[in-house]
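Engineer: input12.cif is reproduced below (mmCIF, C-alpha atoms and all ligand atoms; chains and numbers go by the auth columns).
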data_my_file
#
loop_
_atom_site.group_PDB
_atom_site.id
_atom_site.type_symbol
_atom_site.label_atom_id
_atom_site.label_comp_id
_atom_site.label_asym_id
_atom_site.label_seq_id
_atom_site.Cartn_x
_atom_site.Cartn_y
_atom_site.Cartn_z
_atom_site.B_iso_or_equiv
_atom_site.auth_seq_id
_atom_site.auth_asym_id
ATOM 1 C CA MET A 1 142.332 187.531 121.558 0.00 22 A
ATOM 2 C CA GLY A 2 143.612 188.406 118.084 0.00 23 A
ATOM 3 C CA ASN A 3 140.105 189.390 117.097 0.00 24 A
ATOM 4 C CA ARG A 4 139.704 192.065 119.701 0.00 25 A
ATOM 5 C CA ILE A 5 139.886 195.684 118.683 0.00 26 A
ATOM 6 C CA ILE A 6 140.852 198.524 120.996 0.00 27 A
ATOM 7 C CA LEU A 7 139.980 202.011 119.852 0.00 28 A
ATOM 8 C CA THR A 8 142.252 204.799 121.058 0.00 29 A
ATOM 9 C CA GLY A 9 142.389 208.445 120.110 0.00 30 A
ATOM 10 C CA PHE A 10 141.493 211.893 121.278 0.00 31 A
ATOM 11 C CA MET A 11 138.239 212.784 123.044 0.00 32 A
ATOM 12 C CA GLY A 12 135.481 213.191 120.486 0.00 33 A
ATOM 13 C CA CYS A 13 137.190 211.182 117.728 0.00 34 A
ATOM 14 C CA GLY A 14 134.276 208.716 117.581 0.00 35 A
ATOM 15 C CA LYS A 15 135.626 205.759 119.578 0.00 36 A
ATOM 16 C CA SER A 16 132.373 204.963 121.376 0.00 37 A
ATOM 17 C CA SER A 17 129.912 205.423 118.528 0.00 38 A
ATOM 18 C CA LEU A 18 132.104 203.530 116.046 0.00 39 A
ATOM 19 C CA GLY A 19 133.020 200.888 118.623 0.00 40 A
ATOM 20 C CA LYS A 20 129.357 200.176 119.348 0.00 41 A
ATOM 21 C CA ALA A 21 128.600 199.826 115.635 0.00 42 A
ATOM 22 C CA VAL A 22 131.574 197.500 115.051 0.00 43 A
ATOM 23 C CA ALA A 23 130.621 195.333 118.036 0.00 44 A
ATOM 24 C CA ARG A 24 126.998 195.152 116.843 0.00 45 A
ATOM 25 C CA ARG A 25 128.115 194.136 113.350 0.00 46 A
ATOM 26 C CA ARG A 26 130.330 191.401 114.750 0.00 47 A
ATOM 27 C CA GLY A 27 127.801 190.301 117.359 0.00 48 A
ATOM 28 C CA ILE A 28 130.188 190.825 120.251 0.00 49 A
ATOM 29 C CA LEU A 29 130.282 192.973 123.349 0.00 50 A
ATOM 30 C CA PHE A 30 131.178 196.666 123.340 0.00 51 A
ATOM 31 C CA LEU A 31 133.112 197.886 126.385 0.00 52 A
ATOM 32 C CA ASP A 32 134.305 201.337 127.315 0.00 53 A
ATOM 33 C CA THR A 33 136.869 202.043 130.050 0.00 54 A
ATOM 34 C CA ASP A 34 135.144 205.341 130.957 0.00 55 A
ATOM 35 C CA ALA A 35 131.805 203.586 131.488 0.00 56 A
ATOM 36 C CA LEU A 36 133.452 200.772 133.475 0.00 57 A
ATOM 37 C CA VAL A 37 135.253 203.259 135.728 0.00 58 A
ATOM 38 C CA GLU A 38 131.973 205.114 136.313 0.00 59 A
ATOM 39 C CA GLN A 39 130.160 201.858 137.151 0.00 60 A
ATOM 40 C CA HIS A 40 132.909 200.861 139.547 0.00 61 A
ATOM 41 C CA ALA A 41 133.083 204.265 141.280 0.00 62 A
ATOM 42 C CA LEU A 42 129.307 204.789 141.185 0.00 63 A
ATOM 43 C CA MET A 43 129.831 208.336 139.985 0.00 64 A
ATOM 44 C CA SER A 44 130.523 210.219 136.783 0.00 65 A
ATOM 45 C CA ILE A 45 134.039 210.963 135.547 0.00 66 A
ATOM 46 C CA SER A 46 133.467 214.654 136.257 0.00 67 A
ATOM 47 C CA GLU A 47 132.584 213.795 139.850 0.00 68 A
ATOM 48 C CA ILE A 48 135.677 211.573 140.223 0.00 69 A
ATOM 49 C CA PHE A 49 137.906 214.421 138.977 0.00 70 A
ATOM 50 C CA GLU A 50 136.141 216.896 141.228 0.00 71 A
ATOM 51 C CA LYS A 51 136.169 214.815 144.412 0.00 72 A
ATOM 52 C CA TYR A 52 139.378 212.810 144.115 0.00 73 A
ATOM 53 C CA GLY A 53 141.417 214.438 141.334 0.00 74 A
ATOM 54 C CA GLU A 54 142.790 213.223 138.011 0.00 75 A
ATOM 55 C CA ALA A 55 145.409 210.916 139.581 0.00 76 A
ATOM 56 C CA LYS A 56 142.661 208.820 141.200 0.00 77 A
ATOM 57 C CA PHE A 57 140.802 208.611 137.894 0.00 78 A
ATOM 58 C CA ARG A 58 144.001 207.437 136.161 0.00 79 A
ATOM 59 C CA GLN A 59 144.485 204.763 138.812 0.00 80 A
ATOM 60 C CA LEU A 60 140.928 203.484 138.318 0.00 81 A
ATOM 61 C CA GLU A 61 141.469 203.520 134.549 0.00 82 A
ATOM 62 C CA THR A 62 144.580 201.334 134.857 0.00 83 A
ATOM 63 C CA GLU A 63 142.858 198.916 137.255 0.00 84 A
ATOM 64 C CA THR A 64 139.962 198.594 134.820 0.00 85 A
ATOM 65 C CA LEU A 65 142.349 197.856 131.959 0.00 86 A
ATOM 66 C CA GLN A 66 144.198 195.238 134.001 0.00 87 A
ATOM 67 C CA GLN A 67 140.914 193.471 134.716 0.00 88 A
ATOM 68 C CA LEU A 68 139.991 193.505 131.027 0.00 89 A
ATOM 69 C CA ALA A 69 143.337 191.918 130.155 0.00 90 A
ATOM 70 C CA GLU A 70 142.370 188.925 132.306 0.00 91 A
ATOM 71 C CA SER A 71 139.109 188.361 130.446 0.00 92 A
ATOM 72 C CA ASP A 72 138.744 185.652 127.788 0.00 93 A
ATOM 73 C CA GLU A 73 135.791 187.337 126.142 0.00 94 A
ATOM 74 C CA GLU A 74 135.613 188.766 122.655 0.00 95 A
ATOM 75 C CA PHE A 75 134.887 192.476 122.672 0.00 96 A
ATOM 76 C CA VAL A 76 135.470 195.831 121.061 0.00 97 A
ATOM 77 C CA LEU A 77 137.007 198.186 123.591 0.00 98 A
ATOM 78 C CA SER A 78 137.018 201.966 123.574 0.00 99 A
ATOM 79 C CA VAL A 79 139.519 203.564 125.950 0.00 100 A
ATOM 80 C CA GLY A 80 139.572 207.089 127.379 0.00 101 A
ATOM 81 C CA GLY A 81 141.632 209.559 125.361 0.00 102 A
ATOM 82 C CA GLY A 82 144.308 209.936 128.036 0.00 103 A
ATOM 83 C CA LEU A 83 144.791 206.258 128.860 0.00 104 A
ATOM 84 C CA VAL A 84 147.704 205.717 126.463 0.00 105 A
ATOM 85 C CA MET A 85 149.669 208.471 128.204 0.00 106 A
ATOM 86 C CA ASN A 86 150.490 206.175 131.119 0.00 107 A
ATOM 87 C CA PRO A 87 153.321 203.896 129.885 0.00 108 A
ATOM 88 C CA VAL A 88 152.085 201.135 132.214 0.00 109 A
ATOM 89 C CA ASN A 89 148.907 200.878 130.135 0.00 110 A
ATOM 90 C CA ARG A 90 150.525 200.501 126.704 0.00 111 A
ATOM 91 C CA PRO A 91 151.743 196.879 126.916 0.00 112 A
ATOM 92 C CA ILE A 92 148.393 195.929 128.476 0.00 113 A
ATOM 93 C CA LEU A 93 146.567 197.337 125.452 0.00 114 A
ATOM 94 C CA LYS A 94 148.805 195.284 123.149 0.00 115 A
ATOM 95 C CA GLU A 95 148.133 192.199 125.230 0.00 116 A
ATOM 96 C CA ILE A 96 144.375 192.689 124.876 0.00 117 A
ATOM 97 C CA GLY A 97 144.275 192.966 121.088 0.00 118 A
ATOM 98 C CA THR A 98 144.770 195.074 117.965 0.00 119 A
ATOM 99 C CA VAL A 99 145.247 198.718 118.931 0.00 120 A
ATOM 100 C CA VAL A 100 143.674 201.212 116.536 0.00 121 A
ATOM 101 C CA TYR A 101 144.355 204.938 116.600 0.00 122 A
ATOM 102 C CA LEU A 102 141.239 206.671 115.391 0.00 123 A
ATOM 103 C CA HIS A 103 142.672 209.818 113.868 0.00 124 A
ATOM 104 C CA CYS A 104 140.610 212.965 113.565 0.00 125 A
ATOM 105 C CA SER A 105 141.482 216.518 112.476 0.00 126 A
ATOM 106 C CA VAL A 106 141.518 219.371 115.002 0.00 127 A
ATOM 107 C CA ASP A 107 138.688 221.055 113.073 0.00 128 A
ATOM 108 C CA GLU A 108 136.408 218.027 113.462 0.00 129 A
ATOM 109 C CA LEU A 109 137.414 217.457 117.064 0.00 130 A
ATOM 110 C CA TYR A 110 136.633 221.067 117.850 0.00 131 A
ATOM 111 C CA GLU A 111 133.228 220.846 116.138 0.00 132 A
ATOM 112 C CA ARG A 112 132.358 217.786 118.193 0.00 133 A
ATOM 113 C CA LEU A 113 133.715 219.099 121.475 0.00 134 A
ATOM 114 C CA LYS A 114 132.949 222.806 121.438 0.00 135 A
ATOM 115 C CA TYR A 115 129.857 222.550 123.660 0.00 136 A
ATOM 116 C CA ASP A 116 130.931 219.467 125.653 0.00 137 A
ATOM 117 C CA LYS A 117 130.434 219.643 129.396 0.00 138 A
ATOM 118 C CA SER A 118 131.367 216.092 130.368 0.00 139 A
ATOM 119 C CA ARG A 119 135.155 216.141 129.842 0.00 140 A
ATOM 120 C CA PRO A 120 136.913 217.732 132.831 0.00 141 A
ATOM 121 C CA LEU A 121 140.134 218.397 130.915 0.00 142 A
ATOM 122 C CA LEU A 122 138.317 220.719 128.509 0.00 143 A
ATOM 123 C CA GLN A 123 136.387 222.740 131.049 0.00 144 A
ATOM 124 C CA GLY A 124 137.597 226.153 132.102 0.00 145 A
ATOM 125 C CA ALA A 125 139.928 226.679 129.135 0.00 146 A
ATOM 126 C CA ALA A 126 139.855 230.271 127.884 0.00 147 A
ATOM 127 C CA ASP A 127 140.150 229.002 124.312 0.00 148 A
ATOM 128 C CA ARG A 128 138.846 225.476 123.841 0.00 149 A
ATOM 129 C CA ARG A 129 140.329 225.030 120.395 0.00 150 A
ATOM 130 C CA GLU A 130 143.760 225.918 121.700 0.00 151 A
ATOM 131 C CA ARG A 131 143.305 223.498 124.584 0.00 152 A
ATOM 132 C CA ILE A 132 142.465 220.702 122.140 0.00 153 A
ATOM 133 C CA GLU A 133 145.515 221.571 120.029 0.00 154 A
ATOM 134 C CA GLU A 134 147.750 221.654 123.071 0.00 155 A
ATOM 135 C CA LEU A 135 146.603 218.263 124.405 0.00 156 A
ATOM 136 C CA LEU A 136 146.684 216.710 120.945 0.00 157 A
ATOM 137 C CA SER A 137 150.238 217.871 120.327 0.00 158 A
ATOM 138 C CA GLN A 138 151.306 216.214 123.585 0.00 159 A
ATOM 139 C CA ARG A 139 149.518 213.011 122.675 0.00 160 A
ATOM 140 C CA SER A 140 149.509 212.386 118.946 0.00 161 A
ATOM 141 C CA GLY A 141 153.005 210.828 118.881 0.00 162 A
ATOM 142 C CA VAL A 142 152.005 208.418 121.634 0.00 163 A
ATOM 143 C CA TYR A 143 148.744 207.491 119.871 0.00 164 A
ATOM 144 C CA GLU A 144 150.741 206.705 116.725 0.00 165 A
ATOM 145 C CA GLU A 145 153.468 204.746 118.487 0.00 166 A
ATOM 146 C CA THR A 146 151.033 202.704 120.545 0.00 167 A
ATOM 147 C CA ALA A 147 148.786 201.759 117.646 0.00 168 A
ATOM 148 C CA ASP A 148 149.101 198.766 115.359 0.00 169 A
ATOM 149 C CA VAL A 149 146.935 200.556 112.820 0.00 170 A
ATOM 150 C CA THR A 150 145.810 204.146 112.245 0.00 171 A
ATOM 151 C CA VAL A 151 142.325 204.675 110.809 0.00 172 A
ATOM 152 C CA SER A 152 141.093 208.096 109.724 0.00 173 A
ATOM 153 C CA ASN A 153 137.778 209.384 110.977 0.00 174 A
ATOM 154 C CA THR A 154 138.073 212.784 109.318 0.00 175 A
ATOM 155 C CA ALA A 155 135.481 213.768 106.690 0.00 176 A
ATOM 156 C CA ARG A 156 134.394 210.159 106.180 0.00 177 A
ATOM 157 C CA ALA A 157 131.014 208.447 106.151 0.00 178 A
ATOM 158 C CA PHE A 158 130.342 206.616 109.416 0.00 179 A
ATOM 159 C CA SER A 159 129.551 203.364 107.587 0.00 180 A
ATOM 160 C CA ASP A 160 132.865 203.466 105.673 0.00 181 A
ATOM 161 C CA VAL A 161 134.826 203.740 108.889 0.00 182 A
ATOM 162 C CA VAL A 162 132.798 200.899 110.434 0.00 183 A
ATOM 163 C CA ASP A 163 133.528 198.727 107.367 0.00 184 A
ATOM 164 C CA GLU A 164 137.220 199.462 107.651 0.00 185 A
ATOM 165 C CA LEU A 165 137.323 198.663 111.360 0.00 186 A
ATOM 166 C CA VAL A 166 135.385 195.420 110.854 0.00 187 A
ATOM 167 C CA SER A 167 137.827 194.434 108.114 0.00 188 A
ATOM 168 C CA LEU A 168 140.732 194.723 110.544 0.00 189 A
ATOM 169 C CA THR A 169 139.568 191.654 112.377 0.00 190 A
ATOM 170 C CA ASP A 170 138.513 189.808 109.260 0.00 191 A
ATOM 171 C CA GLY A 171 141.613 187.877 108.179 0.00 192 A
ATOM 172 C CA SER A 172 140.849 188.021 104.456 0.00 193 A
ATOM 173 C CA ALA A 173 140.513 191.789 104.371 0.00 194 A
ATOM 174 C CA ARG A 174 143.169 192.597 106.896 0.00 195 A
ATOM 175 C CA ASP A 175 146.022 192.671 104.395 0.00 196 A
ATOM 176 C CA ALA A 176 144.260 195.395 102.475 0.00 197 A
ATOM 177 C CA ALA A 177 143.937 197.559 105.560 0.00 198 A
ATOM 178 C CA VAL A 178 144.800 201.234 105.298 0.00 199 A
ATOM 179 C CA THR A 179 147.750 202.606 107.193 0.00 200 A
ATOM 180 C CA VAL A 180 149.606 199.877 108.978 0.00 201 A
ATOM 181 C CA ASN A 181 152.105 201.219 111.468 0.00 202 A
ATOM 182 C CA ARG A 182 154.338 198.210 111.754 0.00 203 A
HETATM 183 C C1 LIG B . 140.064 211.927 128.879 0.00 301 A
HETATM 184 C C2 LIG B . 139.157 211.432 127.980 0.00 301 A
HETATM 185 C C3 LIG B . 137.821 210.989 128.364 0.00 301 A
HETATM 186 C C4 LIG B . 137.805 210.543 129.827 0.00 301 A
HETATM 187 C C5 LIG B . 138.358 211.616 130.702 0.00 301 A
HETATM 188 C C6 LIG B . 139.793 212.001 130.343 0.00 301 A
HETATM 189 C C7 LIG B . 141.393 212.376 128.379 0.00 301 A
HETATM 190 O O1 LIG B . 137.409 209.891 127.541 0.00 301 A
HETATM 191 O O2 LIG B . 138.544 209.366 129.987 0.00 301 A
HETATM 192 O O3 LIG B . 137.513 212.749 130.611 0.00 301 A
HETATM 193 O O4 LIG B . 142.325 212.511 129.188 0.00 301 A
HETATM 194 O O5 LIG B . 141.524 212.569 127.144 0.00 301 A
HETATM 195 P P1 LIG B . 136.968 210.034 125.975 0.00 301 A
HETATM 196 O O6 LIG B . 138.236 210.033 125.177 0.00 301 A
HETATM 197 O O7 LIG B . 136.159 208.815 125.736 0.00 301 A
HETATM 198 O O8 LIG B . 136.206 211.290 125.853 0.00 301 A
#
Using the file provided, produce a representation of the structure as C-alpha cells.
Structural biologist:
Amino acid sequence: MGNRIILTGFMGCGKSSLGKAVARRRGILFLDTDALVEQHALMSISEIFEKYGEAKFRQLETETLQQLAESDEEFVLSVGGGLVMNPVNRPILKEIGTVVYLHCSVDELYERLKYDKSRPLLQGAADRRERIEELLSQRSGVYEETADVTVSNTARAFSDVVDELVSLTDGSARDAAVTVNR
C-alpha cells in the first residue's frame, strides 16, 4: 500500500503519460479513474456528461475510487482533475497511497489544452485560458492540501519527472524528495 502513487492535478498536467511511464519503470499496473469510469459506463466521459450530467459522472468517479481502495494490488493511479474536489474522496485517496500533486503552470496547461475536445468542462468557454485559470484558482488550494508531495511538471524533461516520481516510492531516495507538504 505504501508503495502506491496517486497522481492528482489539473487536466493536462501529465498525470496519465507520467503515470504510465512510472508504472512501466516499476513493473506494476497503471490505472486511471477516467478510463475505469468509461469502461464501467460503456461510454466516453463526454457522453456521460451529455446524457446524465456531471453529478452522475462524479458519482461514478467516487464508486470507482472506493473499489480501488479495496484492492490489494500495487499500482500507479491517475485520477481525474476534479476528483479531489469532493471531500468524500480525499480520505480514500490517502488510504490508497502517496498522493502527489503534479503542478503545472497555466501557460503549459493552456498549451496542452487549447485544442482539446474531450474535456466537457472546457468546451463552450468563450476564453479557454480564462476558464483554465478560473477552475485552477478554485482547485489549487485543494490539490495542495490533499497531497503528501507536490512535484513540478513545468518546463521539465519528461524523464526527470519520471525519475522523481519513481524515487518517491523508493525508500532510499524518498528523503531527498522535492517539496514535501507535511
Ligand atoms: C475533469 C478532468 C478529466 C475528467 C473529466 C472532468 C475535471 O480528467 O475526469 O473531464 O473536472 O477536471 P483529466 O484530469 O484526466 O483530464
Engineer: Taking the file above as input, evaluate the PyMOL selection byres (((chain A and resi 36-38) around 12) and not hetatm) and report the hits as number ranges by chain.
Structural biologist: A: 26-35, 39-45, 51-56, 97-102, 120-125, 172-174, 179-180, 182-183, 186
Engineer: Could you list, as a ChimeraX atom specification, every residue within 12 Å of Glu82 of chain A, counting only C-alpha atoms and ignoring same-chain residues fewer than 3 positions away?
Structural biologist: /A:53-62,66,69,75-79,85-89,99-107,109-110,113
Engineer: So, with all atoms listed in the file as the atoms that count, which of A:Thr171, A:Gln159, A:Ala90, A:Glu166 lies closest to Gly118 of chain A?
Structural biologist: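 That would be A:Ala90, the residue with the smallest distance to Gly118 of chain A.
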Engineer: How big is the axis-aligned box around all listed atoms of ligand LIG 301 (chain A) once 6 Å goes on each side, and where's its centre, in Å to one decimal, as JSON?
Structural biologist:
{"center_x": 139.2, "center_y": 210.8, "center_z": 127.9, "size_x": 18.2, "size_y": 15.9, "size_z": 17.5}
Engineer: Which is closer to ligand LIG 301 (chain A) than all the others in A:Tyr136, A:Phe70, A:Tyr131, A:Phe96, using all atoms listed in the file?
Structural biologist: A:Phe70
Engineer: Under the rule that all atoms listed in the file are counted, which of A:Thr83, A:Glu185, A:Leu63, A:Glu154 is the nearest residue to Leu114 of chain A?
Structural biologist: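 Checking each of A:Thr83, A:Glu185, A:Leu63, A:Glu154 against Leu114 of chain A, counting all atoms listed in the file, the winner is A:Thr83.
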Engineer: When you count only C-alpha atoms and all ligand atoms, which of these residues is closest to ligand LIG 301 (chain A): A:Ala147, A:Met64, A:Val170, A:Leu134?
Structural biologist: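 Closest to ligand LIG 301 (chain A) of all the choices is A:Leu134.
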